[in-house]
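Note: the block below is data30.tsv and it holds TSV, C-alpha atoms.
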chain	number	residue	atom	x	y	z
A	1	MET	CA	12.90	-34.74	-2.23
A	2	LYS	CA	12.49	-38.26	-0.91
A	3	LYS	CA	10.91	-39.70	2.21
A	4	ILE	CA	12.83	-41.40	4.94
A	5	ASP	CA	11.36	-44.31	6.88
A	6	PHE	CA	10.40	-43.57	10.45
A	7	GLU	CA	12.84	-45.96	12.16
A	8	ASN	CA	15.71	-44.42	10.36
A	9	PHE	CA	14.45	-41.00	11.34
A	10	ILE	CA	14.35	-41.87	15.03
A	11	HIS	CA	17.83	-43.18	14.77
A	12	ILE	CA	19.07	-39.98	13.26
A	13	LYS	CA	17.07	-37.86	15.64
A	14	SER	CA	18.25	-39.72	18.71
A	15	ILE	CA	21.80	-39.25	17.73
A	16	GLU	CA	22.05	-35.72	16.51
A	17	CYS	CA	18.93	-33.60	16.04
A	18	GLU	CA	17.67	-31.08	18.56
A	19	ASP	CA	15.73	-28.45	16.69
A	20	TYR	CA	14.07	-28.20	13.30
A	21	PRO	CA	14.70	-27.50	10.55
A	22	GLU	CA	18.26	-28.65	10.72
A	23	ARG	CA	20.86	-29.44	8.14
A	24	LYS	CA	22.72	-32.72	8.37
A	25	THR	CA	25.54	-34.01	6.26
A	26	ILE	CA	24.89	-37.63	5.40
A	27	LEU	CA	27.21	-39.51	3.09
A	28	GLY	CA	28.77	-36.24	2.19
A	29	LYS	CA	25.46	-34.72	1.16
A	30	ASP	CA	23.69	-31.81	2.86
A	31	ILE	CA	20.13	-32.72	3.82
A	32	TRP	CA	17.42	-30.64	5.50
A	33	PHE	CA	15.02	-32.15	8.01
A	34	GLU	CA	11.60	-30.58	8.35
A	35	PRO	CA	8.89	-31.61	10.86
A	36	ARG	CA	5.47	-32.61	9.59
A	37	VAL	CA	2.47	-34.30	11.20
A	38	PRO	CA	2.97	-35.45	14.82
A	39	ILE	CA	2.30	-39.16	15.10
A	40	GLY	CA	2.31	-39.80	18.80
A	41	PHE	CA	5.97	-39.82	19.47
A	42	GLN	CA	8.03	-36.93	20.59
A	43	PHE	CA	9.28	-36.67	17.04
A	44	GLY	CA	7.30	-35.81	13.96
A	45	ARG	CA	6.94	-37.64	10.69
A	46	THR	CA	9.73	-36.32	8.63
A	47	GLU	CA	10.75	-35.98	5.06
A	48	LEU	CA	14.22	-35.57	3.81
A	49	VAL	CA	14.58	-32.47	1.72
A	50	GLU	CA	17.67	-32.13	-0.30
A	51	GLN	CA	19.29	-28.78	0.18
A	52	LYS	CA	19.10	-26.56	-2.81
A	53	THR	CA	22.48	-26.25	-4.34
A	54	GLU	CA	21.59	-23.69	-7.01
A	55	LYS	CA	23.52	-20.48	-6.68
A	56	ASN	CA	21.26	-18.61	-9.06
A	57	ILE	CA	17.60	-17.95	-9.51
A	58	SER	CA	15.98	-17.03	-12.78
A	59	LEU	CA	13.23	-14.53	-13.46
A	60	ASN	CA	11.08	-14.70	-16.56
A	61	PHE	CA	10.56	-11.08	-17.43
A	62	PHE	CA	8.53	-10.63	-20.59
A	63	ASP	CA	10.76	-11.74	-23.47
A	64	SER	CA	13.88	-12.36	-21.43
A	65	ILE	CA	15.21	-14.48	-18.60
A	66	VAL	CA	17.18	-12.63	-15.95
A	67	ILE	CA	19.58	-14.59	-13.75
A	68	PHE	CA	19.94	-13.42	-10.15
A	69	PRO	CA	22.20	-14.73	-7.42
A	70	ILE	CA	20.11	-16.67	-4.91
A	71	GLU	CA	20.81	-13.97	-2.32
A	72	LEU	CA	18.53	-11.62	-4.27
A	73	GLN	CA	15.55	-13.95	-4.19
A	74	ASN	CA	13.45	-11.41	-2.27
A	75	ILE	CA	13.88	-8.99	-5.15
A	76	VAL	CA	12.76	-11.67	-7.58
A	77	LYS	CA	9.73	-12.49	-5.41
A	78	GLU	CA	8.69	-8.85	-5.28
A	79	ILE	CA	9.00	-8.52	-9.04
A	80	GLU	CA	7.00	-11.70	-9.55
A	81	GLY	CA	4.42	-10.48	-7.04
A	82	SER	CA	4.03	-7.24	-8.96
A	83	SER	CA	3.36	-8.96	-12.27
A	84	TYR	CA	-0.38	-8.17	-12.02
A	85	ILE	CA	0.32	-4.46	-12.38
A	86	PRO	CA	0.54	-4.19	-16.19
A	87	ASP	CA	-2.65	-6.25	-16.45
A	88	LEU	CA	-4.70	-3.69	-14.52
A	89	LYS	CA	-7.42	-2.09	-16.61
A	90	ASP	CA	-8.59	1.48	-16.43
A	91	ASN	CA	-10.80	2.00	-13.38
A	92	TRP	CA	-9.18	-0.89	-11.47
A	93	ASP	CA	-10.44	0.54	-8.19
A	94	ASN	CA	-13.91	1.31	-9.57
A	95	MET	CA	-13.24	4.98	-8.82
A	96	GLY	CA	-11.47	5.98	-11.99
A	97	ALA	CA	-7.89	4.83	-11.39
A	98	LEU	CA	-5.80	4.76	-14.56
A	99	LYS	CA	-4.19	1.61	-15.89
A	100	ILE	CA	-0.43	1.21	-15.71
A	101	GLU	CA	1.23	1.24	-19.11
A	102	LYS	CA	3.23	-1.87	-19.84
A	103	ASN	CA	6.30	0.14	-20.86
A	104	LEU	CA	6.20	2.01	-17.57
A	105	TYR	CA	6.10	-1.23	-15.63
A	106	ILE	CA	8.97	-2.66	-17.68
A	107	ASP	CA	11.12	0.43	-17.12
A	108	ALA	CA	10.42	0.47	-13.38
A	109	VAL	CA	11.24	-3.20	-12.92
A	110	GLN	CA	14.28	-2.88	-15.18
A	111	PHE	CA	15.54	-0.18	-12.85
A	112	LEU	CA	15.16	-2.55	-9.90
A	113	ILE	CA	16.89	-5.37	-11.77
A	114	ASP	CA	19.80	-3.19	-12.87
A	115	TYR	CA	20.43	-1.53	-9.53
A	116	SER	CA	19.93	-4.55	-7.27
A	117	LEU	CA	22.35	-6.54	-9.41
A	118	ALA	CA	24.81	-3.68	-9.62
A	119	VAL	CA	24.87	-3.11	-5.85
A	120	TYR	CA	25.42	-6.83	-5.40
A	121	ASN	CA	28.10	-7.16	-8.05
A	122	VAL	CA	29.98	-3.96	-7.31
A	123	HIS	CA	29.61	-3.75	-3.54
A	124	ASN	CA	28.71	-7.32	-2.62
A	125	ILE	CA	25.66	-6.04	-0.77
A	126	VAL	CA	22.17	-7.49	-0.89
A	127	ILE	CA	19.60	-4.72	-0.76
A	128	ASP	CA	16.13	-5.23	0.72
A	129	ALA	CA	13.24	-5.76	-1.61
A	130	PRO	CA	11.08	-2.67	-2.15
A	131	GLU	CA	7.31	-2.54	-2.30
A	132	ILE	CA	6.06	-1.98	-5.82
A	133	ASN	CA	2.61	-0.38	-5.86
A	134	PRO	CA	0.36	0.98	-8.61
A	135	CYS	CA	-0.87	4.53	-8.04
A	136	LEU	CA	-4.30	5.84	-8.86
A	137	ASN	CA	-2.94	8.19	-11.52
A	138	GLY	CA	-1.32	5.45	-13.59
A	139	THR	CA	2.15	5.80	-12.09
A	140	ILE	CA	4.19	3.29	-10.08
A	141	ASP	CA	5.64	3.73	-6.60
A	142	MET	CA	8.69	1.78	-5.47
A	143	SER	CA	9.51	2.27	-1.80
A	144	TRP	CA	12.15	1.01	0.60
A	145	ARG	CA	12.61	1.32	4.33
A	146	SER	CA	15.81	-0.07	5.77
A	147	SER	CA	16.98	0.33	9.34
A	148	SER	CA	18.76	3.58	8.49
A	149	VAL	CA	17.19	5.09	5.38
A	150	ARG	CA	14.04	5.26	3.29
A	151	LEU	CA	13.55	5.82	-0.40
A	152	LEU	CA	10.52	6.43	-2.60
A	153	ILE	CA	10.74	6.47	-6.38
A	154	ASN	CA	7.74	7.37	-8.50
A	155	PHE	CA	7.84	6.23	-12.13
A	156	LYS	CA	5.59	7.99	-14.62
A	157	ARG	CA	5.18	8.22	-18.40
A	158	ILE	CA	5.60	11.62	-20.00
A	159	ASN	CA	5.69	12.01	-23.78
A	160	ASN	CA	6.26	8.29	-24.34
A	161	ALA	CA	9.26	8.27	-22.03
A	162	THR	CA	9.57	7.07	-18.46
A	163	LYS	CA	10.54	9.58	-15.82
A	164	ALA	CA	11.64	8.64	-12.31
A	165	LEU	CA	11.45	11.09	-9.41
A	166	PHE	CA	12.87	10.13	-6.05
A	167	TYR	CA	12.89	11.24	-2.44
A	168	ARG	CA	15.25	9.74	0.14
A	169	ASP	CA	16.36	10.48	3.67
A	170	HIS	CA	17.70	9.01	6.91
A	171	TYR	CA	14.26	9.20	8.53
A	172	LYS	CA	12.76	12.26	10.20
A	173	ASN	CA	13.61	14.15	7.00
A	174	GLU	CA	17.32	14.12	7.90
A	175	LYS	CA	19.93	14.20	5.12
A	176	SER	CA	17.05	14.38	2.68
A	177	ASN	CA	17.60	14.51	-1.02
A	178	LYS	CA	15.27	14.48	-4.01
A	179	GLY	CA	15.51	14.73	-7.74
A	180	GLU	CA	15.14	12.94	-11.02
A	181	LEU	CA	16.91	9.73	-11.91
A	182	ALA	CA	18.31	9.10	-15.35
A	183	LEU	CA	17.12	5.66	-16.40
A	184	ASP	CA	19.37	5.14	-19.42
A	185	VAL	CA	22.54	4.82	-17.36
A	186	ILE	CA	23.52	3.56	-13.93
A	187	ASP	CA	23.93	6.57	-11.68
A	188	GLU	CA	27.03	5.74	-9.64
A	189	SER	CA	26.31	8.08	-6.77
A	190	PHE	CA	22.79	6.74	-6.49
A	191	LEU	CA	24.14	3.21	-6.67
A	192	THR	CA	26.52	3.92	-3.82
A	193	TRP	CA	23.73	5.40	-1.73
A	194	MET	CA	21.61	2.31	-2.33
A	195	LYS	CA	24.12	0.31	-0.31
A	196	LEU	CA	22.22	1.64	2.69
A	197	LEU	CA	19.09	-0.25	1.63
A	198	LYS	CA	20.03	-3.39	3.51
B	199	MET	CA	-14.25	10.46	-0.35
B	200	ASP	CA	-12.12	11.01	-3.38
B	201	GLU	CA	-14.74	13.27	-4.83
B	202	VAL	CA	-13.46	15.24	-7.76
B	203	ALA	CA	-11.98	18.32	-6.20
B	204	GLN	CA	-14.50	21.04	-6.86
B	205	ILE	CA	-16.72	23.29	-4.81
B	206	ASN	CA	-20.34	23.41	-5.84
B	207	ASP	CA	-22.75	26.15	-4.77
B	208	LEU	CA	-23.61	25.44	-1.19
B	209	PRO	CA	-27.03	25.63	0.47
B	210	ALA	CA	-27.57	28.49	2.90
B	211	SER	CA	-27.14	26.28	5.93
B	212	TRP	CA	-23.72	25.07	4.76
B	213	SER	CA	-20.58	27.14	4.78
B	214	ILE	CA	-16.84	26.74	4.50
B	215	GLU	CA	-15.63	26.42	8.07
B	216	SER	CA	-12.26	26.58	9.76
B	217	PHE	CA	-10.66	23.61	11.44
B	218	THR	CA	-9.77	23.62	15.10
B	219	ASP	CA	-6.41	22.27	16.22
B	220	ASP	CA	-7.99	19.43	18.15
B	221	CYS	CA	-9.98	17.99	15.25
B	222	LEU	CA	-9.22	14.91	13.18
B	223	LEU	CA	-9.25	14.20	9.48
B	224	PHE	CA	-10.23	10.78	8.13
B	225	ARG	CA	-8.75	9.32	4.98
B	226	SER	CA	-10.23	6.29	3.24
B	227	CYS	CA	-7.53	4.01	1.87
B	228	HIS	CA	-8.31	1.37	-0.70
B	229	TYR	CA	-6.85	-2.09	-0.20
B	230	SER	CA	-5.25	-1.88	-3.59
B	231	GLN	CA	-5.37	-5.25	-5.32
B	232	ARG	CA	-4.63	-7.02	-2.04
B	233	GLU	CA	-5.96	-10.31	-3.36
B	234	LYS	CA	-3.27	-10.29	-6.03
B	235	VAL	CA	-0.32	-9.68	-3.75
B	236	SER	CA	0.74	-12.58	-1.56
B	237	LYS	CA	3.38	-10.72	0.41
B	238	LYS	CA	2.29	-8.70	3.42
B	239	ARG	CA	2.11	-5.06	2.39
B	240	ARG	CA	2.37	-1.82	4.24
B	241	HIS	CA	-1.10	-0.36	4.57
B	242	PRO	CA	-1.63	2.39	3.88
B	243	SER	CA	1.12	2.59	1.29
B	244	GLU	CA	2.37	5.82	-0.24
B	245	ALA	CA	0.14	5.02	-3.21
B	246	CYS	CA	-2.94	5.54	-0.99
B	247	PHE	CA	-1.95	9.18	-0.75
B	248	SER	CA	-1.38	9.74	-4.45
B	249	LEU	CA	-3.71	11.98	-6.40
B	250	ARG	CA	-5.92	10.84	-9.21
B	251	ASN	CA	-5.46	12.41	-12.60
B	252	ASN	CA	-8.45	14.68	-12.15
B	253	GLU	CA	-7.65	15.63	-8.56
B	254	GLU	CA	-5.87	18.71	-7.33
B	255	ALA	CA	-5.97	17.66	-3.70
B	256	LEU	CA	-6.42	14.71	-1.41
B	257	SER	CA	-9.87	14.07	0.06
B	258	PHE	CA	-10.52	13.68	3.77
B	259	ASN	CA	-13.57	13.71	6.04
B	260	TRP	CA	-13.63	16.18	8.91
B	261	SER	CA	-14.42	14.74	12.32
B	262	LYS	CA	-16.83	17.58	13.07
B	263	TYR	CA	-19.33	16.01	10.67
B	264	ALA	CA	-18.17	12.49	9.91
B	265	GLU	CA	-15.94	10.02	11.63
B	266	ALA	CA	-15.30	6.51	10.38
B	267	ASN	CA	-18.85	5.08	10.62
B	268	ARG	CA	-20.38	7.92	8.66
B	269	GLY	CA	-17.46	7.81	6.24
B	270	PHE	CA	-18.20	4.18	5.45
B	271	ILE	CA	-21.88	5.00	4.96
B	272	VAL	CA	-21.05	7.76	2.48
B	273	LEU	CA	-18.82	5.32	0.60
B	274	GLY	CA	-21.52	2.66	0.69
B	275	LEU	CA	-24.05	5.06	-0.83
B	276	ARG	CA	-21.77	6.07	-3.68
B	277	TYR	CA	-21.77	4.58	-7.13
B	278	GLY	CA	-18.48	3.48	-8.59
B	279	VAL	CA	-17.62	4.14	-12.21
B	280	ASN	CA	-19.40	0.91	-13.14
B	281	GLY	CA	-22.71	2.39	-11.91
B	282	GLU	CA	-22.98	0.06	-8.92
B	283	PHE	CA	-22.56	0.83	-5.25
B	284	LEU	CA	-18.97	0.80	-4.05
B	285	HIS	CA	-17.60	-2.10	-2.05
B	286	TYR	CA	-17.00	-0.04	1.05
B	287	LYS	CA	-15.33	-2.94	2.82
B	288	ASP	CA	-12.42	-2.63	0.39
B	289	TYR	CA	-11.42	0.48	2.33
B	290	THR	CA	-9.88	1.29	5.66
B	291	PHE	CA	-10.24	4.65	7.35
B	292	PHE	CA	-7.21	6.20	8.98
B	293	LYS	CA	-7.56	9.21	11.22
B	294	LEU	CA	-4.89	11.85	11.40
B	295	PRO	CA	-4.75	14.87	13.71
B	296	TYR	CA	-5.28	18.13	11.86
B	297	ILE	CA	-2.47	19.73	13.82
B	298	PHE	CA	-0.06	17.05	12.57
B	299	LEU	CA	-1.15	17.53	8.98
B	300	LYS	CA	-0.97	21.31	8.96
B	301	GLU	CA	2.60	21.23	10.28
B	302	LEU	CA	3.75	18.50	7.90
B	303	GLU	CA	6.40	19.54	5.42
B	304	GLY	CA	5.16	19.66	1.83
B	305	ILE	CA	1.54	20.51	2.53
B	306	ALA	CA	0.36	23.77	1.03
B	307	LYS	CA	-3.03	24.02	2.73
B	308	ILE	CA	-5.96	22.07	4.11
B	309	VAL	CA	-9.47	23.39	3.58
B	310	HIS	CA	-13.01	22.39	4.38
B	311	SER	CA	-14.70	21.71	1.05
B	312	PRO	CA	-18.27	20.39	1.48
B	313	ASP	CA	-19.41	18.27	-1.41
B	314	PHE	CA	-22.97	19.32	-2.28
B	315	ASN	CA	-24.69	17.75	-5.24
B	316	GLY	CA	-28.31	18.80	-4.74
B	317	ASN	CA	-31.19	18.56	-2.27
B	318	PRO	CA	-31.81	15.78	-2.73
B	319	SER	CA	-28.80	14.66	-4.72
B	320	ASN	CA	-29.15	11.76	-7.10
B	321	VAL	CA	-28.95	8.16	-6.01
B	322	GLY	CA	-25.31	7.11	-5.94
B	323	ILE	CA	-24.05	10.67	-5.43
B	324	PRO	CA	-24.58	11.51	-1.75
B	325	ASN	CA	-23.62	14.88	-0.35
B	326	ASN	CA	-20.71	15.09	2.06
B	327	LYS	CA	-20.68	17.98	4.48
B	328	SER	CA	-17.46	16.75	6.07
B	329	HIS	CA	-15.46	16.70	2.85
B	330	SER	CA	-12.11	18.43	3.10
B	331	LEU	CA	-9.11	18.82	0.83
B	332	LEU	CA	-5.40	18.60	1.49
B	333	PHE	CA	-3.23	20.33	-1.12
B	334	TYR	CA	0.34	19.21	-1.65
B	335	GLU	CA	3.12	21.53	-2.62
B	336	ASP	CA	4.71	20.78	-5.99
B	337	ASP	CA	6.40	17.51	-5.14
B	338	ASP	CA	4.45	15.07	-3.00
B	339	LEU	CA	6.91	12.18	-2.53
B	340	GLN	CA	8.29	13.20	0.84
B	341	THR	CA	4.85	14.03	2.15
B	342	ARG	CA	3.37	10.76	0.99
B	343	MET	CA	6.18	8.88	2.76
B	344	ASN	CA	5.57	10.84	5.94
B	345	LEU	CA	1.82	10.20	5.81
B	346	THR	CA	2.45	6.48	5.35
B	347	ASP	CA	4.97	6.35	8.17
B	348	TYR	CA	2.72	8.28	10.52
B	349	CYS	CA	-0.13	5.83	9.97
B	350	ASN	CA	2.11	2.80	10.31
B	351	ASN	CA	4.02	4.08	13.33
B	352	ASN	CA	0.75	4.94	15.08
B	353	TYR	CA	-1.26	2.16	13.55
B	354	ASP	CA	-3.43	1.29	16.54
B	355	ASP	CA	-4.41	4.91	17.03
B	356	CYS	CA	-4.83	5.75	13.36
B	357	LYS	CA	-6.67	2.74	12.01
B	358	CYS	CA	-10.38	3.05	12.62
B	359	GLU	CA	-12.07	-0.04	13.96
B	360	VAL	CA	-15.76	-0.15	13.19
B	361	GLU	CA	-18.59	-2.58	13.74
B	362	PHE	CA	-19.50	-3.65	10.25
B	363	GLN	CA	-22.64	-5.46	11.41
B	364	ILE	CA	-24.13	-2.10	12.35
B	365	ILE	CA	-22.81	-0.33	9.27
B	366	ASP	CA	-23.97	-3.10	6.91
B	367	SER	CA	-27.47	-2.92	8.30
B	368	GLU	CA	-27.61	0.87	8.09
B	369	ILE	CA	-26.28	0.99	4.53
B	370	GLU	CA	-28.73	-1.68	3.42
B	371	ASN	CA	-31.58	0.31	4.91
B	372	LEU	CA	-30.38	3.59	3.37
B	373	ARG	CA	-29.86	2.07	-0.08
B	374	GLU	CA	-33.48	0.91	-0.09
B	375	ARG	CA	-34.56	4.50	0.49
B	376	LEU	CA	-32.79	5.58	-2.71
B	377	ASN	CA	-32.11	9.32	-2.29
B	378	ASP	CA	-34.63	9.93	0.47
B	379	THR	CA	-31.96	10.10	3.16
B	380	GLU	CA	-30.22	12.90	5.00
B	381	TYR	CA	-27.04	11.92	3.19
B	382	HIS	CA	-28.69	13.11	-0.02
B	383	LYS	CA	-30.08	16.21	1.65
B	384	LEU	CA	-28.65	18.59	4.22
B	385	TRP	CA	-27.01	16.23	6.71
B	386	GLU	CA	-29.35	17.29	9.49
B	387	PHE	CA	-29.09	14.08	11.46
B	388	GLU	CA	-31.17	13.44	14.54
B	389	ASN	CA	-28.44	11.22	15.87
B	390	ILE	CA	-25.31	13.29	16.17
B	391	GLN	CA	-23.10	10.21	16.40
B	392	HIS	CA	-20.68	10.35	13.52

As structure tokens, what does this structure read like?
Amino acid sequence: MKKIDFENFIHIKSIECEDYPERKTILGKDIWFEPRVPIGFQFGRTELVEQKTEKNISLNFFDSIVIFPIELQNIVKEIEGSSYIPDLKDNWDNMGALKIEKNLYIDAVQFLIDYSLAVYNVHNIVIDAPEINPCLNGTIDMSWRSSSVRLLINFKRINNATKALFYRDHYKNEKSNKGELALDVIDESFLTWMKLLK
Amino acid sequence: MDEVAQINDLPASWSIESFTDDCLLFRSCHYSQREKVSKKRRHPSEACFSLRNNEEALSFNWSKYAEANRGFIVLGLRYGVNGEFLHYKDYTFFKLPYIFLKELEGIAKIVHSPDFNGNPSNVGIPNNKSHSLLFYEDDDLQTRMNLTDYCNNNYDDCKCEVEFQIIDSEIENLRERLNDTEYHKLWEFENIQH
């Protein structure tokens, strides 16, 4: 990112720009213009921001780095935003809530990684990011609501293994379906259904 | 709210009562770790309607005896597990019509279940005459989604707005009285406002 001098900015603005932010191709390079502090003219002080050219985004997930296509950045943000969950201690709500086991969190997020990438790679569809929430009983909820369907998966630990129960429908309990998800393989029918989460 | 689901022996003036179809049930929902999550979250989430490990049913307050103000006061008089009074402002109360709840798929039953811990009860363990329990059928996922969607689709009606200045002052006053309050006795309030 580098700054542009104001005169040059006016020149560019007077020629081409109408609204912000706007992408311009200058000397064969894509550049984003973003408004900043107004300085008394009808234009704002502006910085040139080079357009990101990365096609991928990486996620540091415990001992590994997972590479996502940039289109799935909302999934990555949700996973990063949920990173506090395995750090919760017992009684995190001061009312006796149980901590979330690290292995449970890893398995739940691994499910999201596997399926979001698979839907993208197989069907070229970007699914919405879910909400990942800790439950009071030490389990994890992952919920989606798209324009046409909703899905809730509850991950829990039983006998040192992670179990995932789901409920899904097309709202108003229509075409509802529930059951248990196998986490050791990609369930193709479930994967196909997840195309609706966009 | 969220009392461990159990029914203690009740005083003579208390009994298990039946709900009327026009009554409301109030659920306190904890702002779970909101300071740690930057993204805007749905509130209440499905997690707000999950049961604790030692719970068989979900706790509510019955509007006949306690609406949101009184619900906050009961919370504010309770000790948390750390032995200190709860931060009642970490909660929001949502009100749901009883008639909606009783017809909701996946709910086994809803019962009035007064929480009586003595007369007076100990400091930090107030009684709750309004306490009620909602029992799920075996699998609660669908029901938790429907409860969340109901609250979010009817947010302005469901979310209880209260005047915390008044509640703060009342809780402060009541805490100073230790367990010499009606909340620790028989809930025979002079002021019937809930």

Interface, chain B side, toward chain A (6 Å; only C-alpha atoms) as a compact mmCIF listing (two decimals) with C-alpha atoms, in the frame of the given file:
# COMPACT_ATOMS: atom_id res chain seq x y z
CA VAL B 235 -0.32 -9.68 -3.75
CA ALA B 245 0.14 5.02 -3.21
CA ARG B 250 -5.92 10.84 -9.21
CA ASN B 251 -5.46 12.41 -12.60
CA GLY B 278 -18.48 3.48 -8.59
CA VAL B 279 -17.62 4.14 -12.21
CA GLN B 340 8.29 13.20 0.84

Please identify all polymer residues within 9 Å of segment 105-119 of chain A, counting only C-alpha atoms, omitting same-chain residues fewer than 3 positions from it, and present them as an MDAnalysis selection string.
chainID A and resid 61:62 66 68:69 72 75:76 79 83 85:86 100:102 122:130 132 139:142 154:155 162 164 183 186 191:192 194:195

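The coordinates place atom CA of Lys287 of chain B at 26.4 Å from atom CA of Gly316 of chain B.
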
Please measure the separation of atom CA of Leu332 of chain B and atom CA of Glu254 of chain B, giving the value in Å to one decimal.
8.8 Å

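Taking atom CA of Leu104 of chain A and atom CA of Asn159 of chain A as the two end points, the separation is 11.8 Å.
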
Protein and nucleic acid residues near (3.2, 8.7, 2.8) (cut-off 9 Å, all atoms listed in the file) as a list in words
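Residues close enough to count: Pro242, Ser243, Glu244, Ala245, Cys246, Phe247, Ser248, Asp338, Leu339, Gln340, Thr341, Arg342, Met343, Asn344, Leu345, Thr346, Asp347, Tyr348 and Cys349 of chain B.
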
Any chance you could build segment 121-127 of chain A out to all heavy atoms and write it as a short mmCIF file (atom, residue, chain, number, x, y, z; two decimals), keeping the file's coordinate frame?
data_model
loop_
_atom_site.label_atom_id
_atom_site.label_comp_id
_atom_site.auth_asym_id
_atom_site.auth_seq_id
_atom_site.Cartn_x
_atom_site.Cartn_y
_atom_site.Cartn_z
N ASN A 121 26.86 -6.84 -7.33
CA ASN A 121 28.10 -7.16 -8.05
C ASN A 121 29.24 -6.21 -7.72
O ASN A 121 30.40 -6.62 -7.63
CB ASN A 121 27.84 -7.15 -9.57
CG ASN A 121 26.96 -8.31 -9.99
OD1 ASN A 121 26.99 -9.38 -9.38
ND2 ASN A 121 26.15 -8.10 -11.02
N VAL A 122 28.92 -4.95 -7.56
CA VAL A 122 29.98 -3.96 -7.31
C VAL A 122 30.36 -3.90 -5.84
O VAL A 122 31.54 -3.81 -5.49
CB VAL A 122 29.53 -2.56 -7.80
CG1 VAL A 122 30.57 -1.51 -7.45
CG2 VAL A 122 29.27 -2.58 -9.30
N HIS A 123 29.34 -3.94 -4.97
CA HIS A 123 29.61 -3.75 -3.54
C HIS A 123 29.40 -5.01 -2.70
O HIS A 123 29.58 -4.97 -1.49
CB HIS A 123 28.71 -2.63 -3.00
CG HIS A 123 28.92 -1.31 -3.70
ND1 HIS A 123 30.07 -0.57 -3.55
CD2 HIS A 123 28.13 -0.60 -4.57
CE1 HIS A 123 29.98 0.55 -4.27
NE2 HIS A 123 28.82 0.54 -4.90
N ASN A 124 28.98 -6.06 -3.32
CA ASN A 124 28.71 -7.32 -2.62
C ASN A 124 27.69 -7.13 -1.48
O ASN A 124 27.84 -7.68 -0.40
CB ASN A 124 30.00 -7.92 -2.07
CG ASN A 124 29.84 -9.39 -1.75
OD1 ASN A 124 29.00 -10.06 -2.35
ND2 ASN A 124 30.59 -9.88 -0.78
N ILE A 125 26.70 -6.32 -1.77
CA ILE A 125 25.66 -6.04 -0.77
C ILE A 125 24.30 -6.44 -1.33
O ILE A 125 23.99 -6.16 -2.50
CB ILE A 125 25.66 -4.54 -0.39
CG1 ILE A 125 26.86 -4.26 0.53
CG2 ILE A 125 24.37 -4.12 0.29
CD1 ILE A 125 27.06 -2.81 0.86
N VAL A 126 23.52 -7.09 -0.50
CA VAL A 126 22.17 -7.49 -0.89
C VAL A 126 21.19 -6.45 -0.35
O VAL A 126 21.06 -6.30 0.87
CB VAL A 126 21.83 -8.88 -0.30
CG1 VAL A 126 20.39 -9.26 -0.62
CG2 VAL A 126 22.79 -9.93 -0.82
N ILE A 127 20.56 -5.73 -1.23
CA ILE A 127 19.60 -4.72 -0.76
C ILE A 127 18.26 -5.38 -0.46
O ILE A 127 17.93 -6.44 -1.00
CB ILE A 127 19.40 -3.56 -1.76
CG1 ILE A 127 18.81 -4.07 -3.08
CG2 ILE A 127 20.69 -2.81 -1.99
CD1 ILE A 127 18.35 -2.96 -4.00
#
